[in-house]
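So the structure is just underneath, and the comments pick up after that.
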Amino acid sequence: MLIQIIGVGKLKEKYLINGIAEYAKRLTPYLKFQVIEVADEKAPDSLSEAEVGIVKAREGERILAHIKSEAHVIALAIDGKLWSSEELAAEIDRLGTYGTSHVVFVIGGSHGLSDEVMRRAQQRMSFGRMTLPHQLMRLVLVEQIYRAVKINRGEPYHK
């Protein structure tokens with residue numbers, strides 16, 4: 001199985017880069033894993049609603065350019081379904097069992113995901129109603145993917 005995370009913006013914080021690299025290394029015996037960074041749209045801090053839509057659309061085009069037609073897409077969205085670690089593990093297992101070999105998790109930029117990306121996604125997942133930096137979400141998500149793999153294999157780690 002190939003699992004990808006597509007995220008908007010380049011990580012600069014060393015602790016996040018190192019954390020993601022550690023979990024990516026831990027995942028290599030179990031599956032193919034890849035993080036793809038797409039450029040964020042440069043914009044001033046205060047934008048009109050129309051300008052926010054333009055930013056999201058441009059970032060969305062960059063995201064969609066990396067998603068293959070056969071991929072199962074899960075968008076991270078505050079209004080998505082709340083999953084436990086066990087439920088995420090079960091969903092990854094279900095997808096693999098029924099022939100999905102390519103799963104893409106998408107994390108938007110500071111303004112969220114475009115309507116086009118949300119329409120492309122088969123599922124929406126939320127980590128809760130709290131707003132977290134999208135850069136930090138990459139680390140949290142890759143850790144949860146690793147945890148899901150360990151749960152599915154019945155191996156120690158998950159507690």
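The chains in the structure tokens are called A, B, ... from first to last as shown; in each chain the residues are counted from 1, and the ligands are counted from 1 in the order shown.
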
Report as a short mmCIF file (atom, residue, chain, number, x, y, z; two decimals) with all heavy atoms, in the first residue's frame all protein, DNA and RNA residues lying within 12 Å of A:Gln4, evaluated on only C-alpha atoms, omitting residues in the same chain fewer than 3 positions from it.
```cif
data_model
loop_
_atom_site.label_atom_id
_atom_site.label_comp_id
_atom_site.auth_asym_id
_atom_site.auth_seq_id
_atom_site.Cartn_x
_atom_site.Cartn_y
_atom_site.Cartn_z
N MET A 1 0.84 -1.18 0.00
CA MET A 1 0.00 0.00 0.00
C MET A 1 0.89 1.24 0.00
O MET A 1 1.92 1.27 0.64
CB MET A 1 -0.91 0.00 1.23
CG MET A 1 -1.79 1.25 1.34
SD MET A 1 -2.94 1.23 2.72
CE MET A 1 -4.34 0.46 1.94
N GLY A 7 0.48 18.16 1.75
CA GLY A 7 0.28 19.32 2.61
C GLY A 7 0.70 20.60 1.93
O GLY A 7 1.63 20.62 1.12
N ALA A 24 8.25 8.27 9.32
CA ALA A 24 8.36 7.77 7.94
C ALA A 24 9.32 6.59 7.90
O ALA A 24 9.07 5.58 7.23
CB ALA A 24 8.82 8.89 7.01
N LEU A 27 7.73 3.51 9.26
CA LEU A 27 6.71 2.95 8.37
C LEU A 27 7.29 2.11 7.23
O LEU A 27 6.58 1.27 6.66
CB LEU A 27 5.85 4.07 7.77
CG LEU A 27 4.78 4.65 8.69
CD1 LEU A 27 4.23 5.95 8.11
CD2 LEU A 27 3.67 3.64 8.92
N LEU A 31 4.85 -0.30 4.60
CA LEU A 31 4.18 0.26 3.43
C LEU A 31 5.04 1.36 2.82
O LEU A 31 6.04 1.77 3.40
CB LEU A 31 2.79 0.81 3.80
CG LEU A 31 2.65 1.75 5.00
CD1 LEU A 31 3.03 3.18 4.69
CD2 LEU A 31 1.22 1.72 5.50
N LYS A 32 4.63 1.79 1.64
CA LYS A 32 5.31 2.93 1.01
C LYS A 32 4.64 4.19 1.55
O LYS A 32 3.41 4.27 1.61
CB LYS A 32 5.17 2.88 -0.51
CG LYS A 32 5.91 1.73 -1.13
CD LYS A 32 5.68 1.69 -2.62
CE LYS A 32 6.33 0.43 -3.19
NZ LYS A 32 5.86 0.14 -4.53
N PHE A 33 5.46 5.14 1.94
CA PHE A 33 4.94 6.37 2.55
C PHE A 33 5.66 7.56 1.94
O PHE A 33 6.87 7.52 1.72
CB PHE A 33 5.16 6.35 4.07
CG PHE A 33 4.72 7.62 4.73
CD1 PHE A 33 3.37 7.87 4.95
CD2 PHE A 33 5.65 8.56 5.12
CE1 PHE A 33 2.97 9.05 5.53
CE2 PHE A 33 5.25 9.75 5.72
CZ PHE A 33 3.90 9.99 5.92
N GLN A 34 4.91 8.61 1.70
CA GLN A 34 5.48 9.80 1.08
C GLN A 34 4.75 11.04 1.55
O GLN A 34 3.52 11.03 1.68
CB GLN A 34 5.35 9.66 -0.45
CG GLN A 34 5.96 10.77 -1.24
CD GLN A 34 5.77 10.55 -2.74
OE1 GLN A 34 4.78 9.95 -3.17
NE2 GLN A 34 6.70 11.04 -3.52
N VAL A 35 5.51 12.09 1.81
CA VAL A 35 4.94 13.41 2.10
C VAL A 35 5.25 14.31 0.91
O VAL A 35 6.39 14.38 0.46
CB VAL A 35 5.54 14.03 3.39
CG1 VAL A 35 5.02 15.44 3.60
CG2 VAL A 35 5.24 13.16 4.60
N ILE A 36 4.22 14.93 0.39
CA ILE A 36 4.36 15.86 -0.73
C ILE A 36 3.97 17.24 -0.24
O ILE A 36 2.88 17.43 0.31
CB ILE A 36 3.46 15.45 -1.92
CG1 ILE A 36 3.84 14.06 -2.42
CG2 ILE A 36 3.52 16.50 -3.03
CD1 ILE A 36 2.87 13.47 -3.41
N GLU A 37 4.87 18.18 -0.43
CA GLU A 37 4.59 19.56 -0.07
C GLU A 37 4.27 20.34 -1.34
O GLU A 37 5.00 20.24 -2.33
CB GLU A 37 5.80 20.21 0.61
CG GLU A 37 6.14 19.59 1.94
CD GLU A 37 7.36 20.21 2.60
OE1 GLU A 37 8.25 20.72 1.90
OE2 GLU A 37 7.41 20.18 3.84
N ILE A 63 -2.58 20.88 -5.22
CA ILE A 63 -2.85 19.61 -4.54
C ILE A 63 -3.36 18.58 -5.55
O ILE A 63 -2.85 17.46 -5.64
CB ILE A 63 -3.88 19.81 -3.40
CG1 ILE A 63 -3.26 20.61 -2.25
CG2 ILE A 63 -4.41 18.46 -2.91
CD1 ILE A 63 -4.26 21.11 -1.24
N HIS A 66 -1.22 16.44 -7.86
CA HIS A 66 -0.45 15.32 -7.31
C HIS A 66 -1.31 14.09 -6.99
O HIS A 66 -0.77 13.08 -6.54
CB HIS A 66 0.27 15.76 -6.03
CG HIS A 66 1.40 16.70 -6.29
ND1 HIS A 66 2.64 16.27 -6.70
CD2 HIS A 66 1.47 18.05 -6.21
CE1 HIS A 66 3.44 17.32 -6.85
NE2 HIS A 66 2.74 18.40 -6.57
N ILE A 67 -2.61 14.19 -7.19
CA ILE A 67 -3.49 13.08 -6.83
C ILE A 67 -3.81 12.26 -8.08
O ILE A 67 -4.38 12.77 -9.03
CB ILE A 67 -4.79 13.59 -6.17
CG1 ILE A 67 -4.46 14.32 -4.87
CG2 ILE A 67 -5.73 12.42 -5.90
CD1 ILE A 67 -5.66 14.97 -4.20
N LYS A 68 -3.45 10.99 -8.04
CA LYS A 68 -3.73 10.09 -9.16
C LYS A 68 -5.21 9.67 -9.13
O LYS A 68 -5.84 9.65 -8.08
CB LYS A 68 -2.82 8.87 -9.08
CG LYS A 68 -1.35 9.21 -9.30
CD LYS A 68 -0.56 7.96 -9.54
CE LYS A 68 0.85 8.12 -9.92
NZ LYS A 68 1.54 9.32 -9.90
N ALA A 71 -6.45 7.01 -6.62
CA ALA A 71 -6.23 7.24 -5.19
C ALA A 71 -7.52 7.46 -4.42
O ALA A 71 -8.46 8.09 -4.92
CB ALA A 71 -5.30 8.44 -4.99
N HIS A 72 -7.56 6.92 -3.23
CA HIS A 72 -8.65 7.19 -2.28
C HIS A 72 -8.20 8.38 -1.45
O HIS A 72 -7.17 8.32 -0.78
CB HIS A 72 -8.90 5.97 -1.40
CG HIS A 72 -10.03 6.16 -0.45
ND1 HIS A 72 -11.33 5.86 -0.78
CD2 HIS A 72 -10.07 6.66 0.81
CE1 HIS A 72 -12.11 6.14 0.24
NE2 HIS A 72 -11.37 6.63 1.21
N VAL A 73 -8.97 9.47 -1.48
CA VAL A 73 -8.56 10.72 -0.84
C VAL A 73 -9.35 10.95 0.43
O VAL A 73 -10.59 10.87 0.45
CB VAL A 73 -8.75 11.91 -1.82
CG1 VAL A 73 -8.35 13.22 -1.15
CG2 VAL A 73 -7.93 11.68 -3.09
N ILE A 74 -8.60 11.25 1.49
CA ILE A 74 -9.19 11.61 2.78
C ILE A 74 -8.72 13.02 3.11
O ILE A 74 -7.52 13.25 3.31
CB ILE A 74 -8.77 10.62 3.89
CG1 ILE A 74 -9.19 9.19 3.52
CG2 ILE A 74 -9.37 11.05 5.23
CD1 ILE A 74 -8.66 8.11 4.44
N ALA A 75 -9.66 13.95 3.14
CA ALA A 75 -9.33 15.34 3.43
C ALA A 75 -9.44 15.59 4.93
O ALA A 75 -10.41 15.16 5.57
CB ALA A 75 -10.29 16.28 2.69
N SER A 101 -5.04 0.45 -3.04
CA SER A 101 -3.62 0.36 -2.72
C SER A 101 -2.96 1.73 -2.62
O SER A 101 -1.75 1.82 -2.42
CB SER A 101 -2.90 -0.49 -3.75
OG SER A 101 -3.02 0.11 -5.02
N HIS A 102 -3.74 2.80 -2.78
CA HIS A 102 -3.19 4.15 -2.77
C HIS A 102 -4.15 5.07 -2.00
O HIS A 102 -5.27 5.31 -2.45
CB HIS A 102 -3.01 4.63 -4.20
CG HIS A 102 -2.31 5.95 -4.32
ND1 HIS A 102 -2.09 6.54 -5.54
CD2 HIS A 102 -1.79 6.80 -3.41
CE1 HIS A 102 -1.46 7.70 -5.36
NE2 HIS A 102 -1.28 7.86 -4.07
N VAL A 103 -3.70 5.53 -0.85
CA VAL A 103 -4.50 6.42 0.00
C VAL A 103 -3.75 7.74 0.14
O VAL A 103 -2.55 7.75 0.42
CB VAL A 103 -4.75 5.79 1.39
CG1 VAL A 103 -5.54 6.74 2.29
CG2 VAL A 103 -5.48 4.46 1.26
N VAL A 104 -4.48 8.83 -0.04
CA VAL A 104 -3.91 10.16 0.07
C VAL A 104 -4.66 10.94 1.14
O VAL A 104 -5.89 11.07 1.07
CB VAL A 104 -3.98 10.94 -1.27
CG1 VAL A 104 -3.44 12.35 -1.10
CG2 VAL A 104 -3.24 10.20 -2.36
N PHE A 105 -3.93 11.42 2.13
CA PHE A 105 -4.47 12.33 3.13
C PHE A 105 -4.08 13.74 2.69
O PHE A 105 -2.92 13.98 2.33
CB PHE A 105 -3.88 12.05 4.51
CG PHE A 105 -4.34 10.74 5.10
CD1 PHE A 105 -3.63 9.58 4.87
CD2 PHE A 105 -5.46 10.69 5.91
CE1 PHE A 105 -4.03 8.37 5.42
CE2 PHE A 105 -5.87 9.48 6.47
CZ PHE A 105 -5.16 8.33 6.22
N VAL A 106 -5.02 14.68 2.74
CA VAL A 106 -4.76 16.04 2.29
C VAL A 106 -4.95 17.00 3.45
O VAL A 106 -5.99 16.99 4.12
CB VAL A 106 -5.68 16.43 1.12
CG1 VAL A 106 -5.37 17.84 0.65
CG2 VAL A 106 -5.56 15.45 -0.03
N ILE A 107 -3.93 17.85 3.65
CA ILE A 107 -3.97 18.88 4.68
C ILE A 107 -3.84 20.23 3.98
O ILE A 107 -2.85 20.49 3.30
CB ILE A 107 -2.82 18.71 5.70
CG1 ILE A 107 -2.86 17.33 6.35
CG2 ILE A 107 -2.88 19.82 6.75
CD1 ILE A 107 -1.64 17.01 7.19
N ARG A 138 0.73 17.55 10.13
CA ARG A 138 1.47 16.52 9.38
C ARG A 138 2.11 15.53 10.33
O ARG A 138 2.06 14.32 10.12
CB ARG A 138 2.54 17.15 8.50
CG ARG A 138 1.98 17.88 7.33
CD ARG A 138 3.07 18.34 6.40
NE ARG A 138 2.65 19.59 5.76
CZ ARG A 138 3.40 20.30 4.98
NH1 ARG A 138 4.64 19.93 4.73
NH2 ARG A 138 2.94 21.41 4.45
N LEU A 141 -0.61 13.44 12.08
CA LEU A 141 -1.19 12.47 11.15
C LEU A 141 -0.24 11.32 10.87
O LEU A 141 -0.65 10.15 10.90
CB LEU A 141 -1.58 13.16 9.84
CG LEU A 141 -2.15 12.25 8.75
CD1 LEU A 141 -3.38 11.50 9.22
CD2 LEU A 141 -2.47 13.08 7.51
N VAL A 142 1.03 11.58 10.62
CA VAL A 142 1.95 10.48 10.32
C VAL A 142 2.11 9.58 11.55
O VAL A 142 2.22 8.36 11.42
CB VAL A 142 3.31 10.99 9.77
CG1 VAL A 142 4.15 11.67 10.81
CG2 VAL A 142 4.09 9.85 9.14
N ILE A 145 -0.93 7.37 11.52
CA ILE A 145 -0.81 6.34 10.48
C ILE A 145 0.08 5.21 10.99
O ILE A 145 -0.23 4.02 10.84
CB ILE A 145 -0.29 6.94 9.16
CG1 ILE A 145 -1.33 7.89 8.56
CG2 ILE A 145 0.10 5.84 8.17
CD1 ILE A 145 -0.81 8.75 7.43
#
```

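You will find atom CA of A:Lys12 at 14.4 Å from atom CA of A:Gly109.
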
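With distances taken over only C-alpha atoms, A:His134 is the one residue among A:Ile6, A:Val38, A:His134, A:Pro156 lying closest to A:His111.
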
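Each of A:Asn18, A:Met125, A:Val140, A:Leu95 was compared to A:Gly80 using only C-alpha atoms, and A:Met125 turns out to be the nearest.
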
Could you give me, as a PyMOL selection string, the residues within 12 Å of A:Ala77, counting only C-alpha atoms and dropping anything in the same chain fewer than 4 positions from it? chain A and resi 81-82+105-115+117-118+121+123-132+134+137
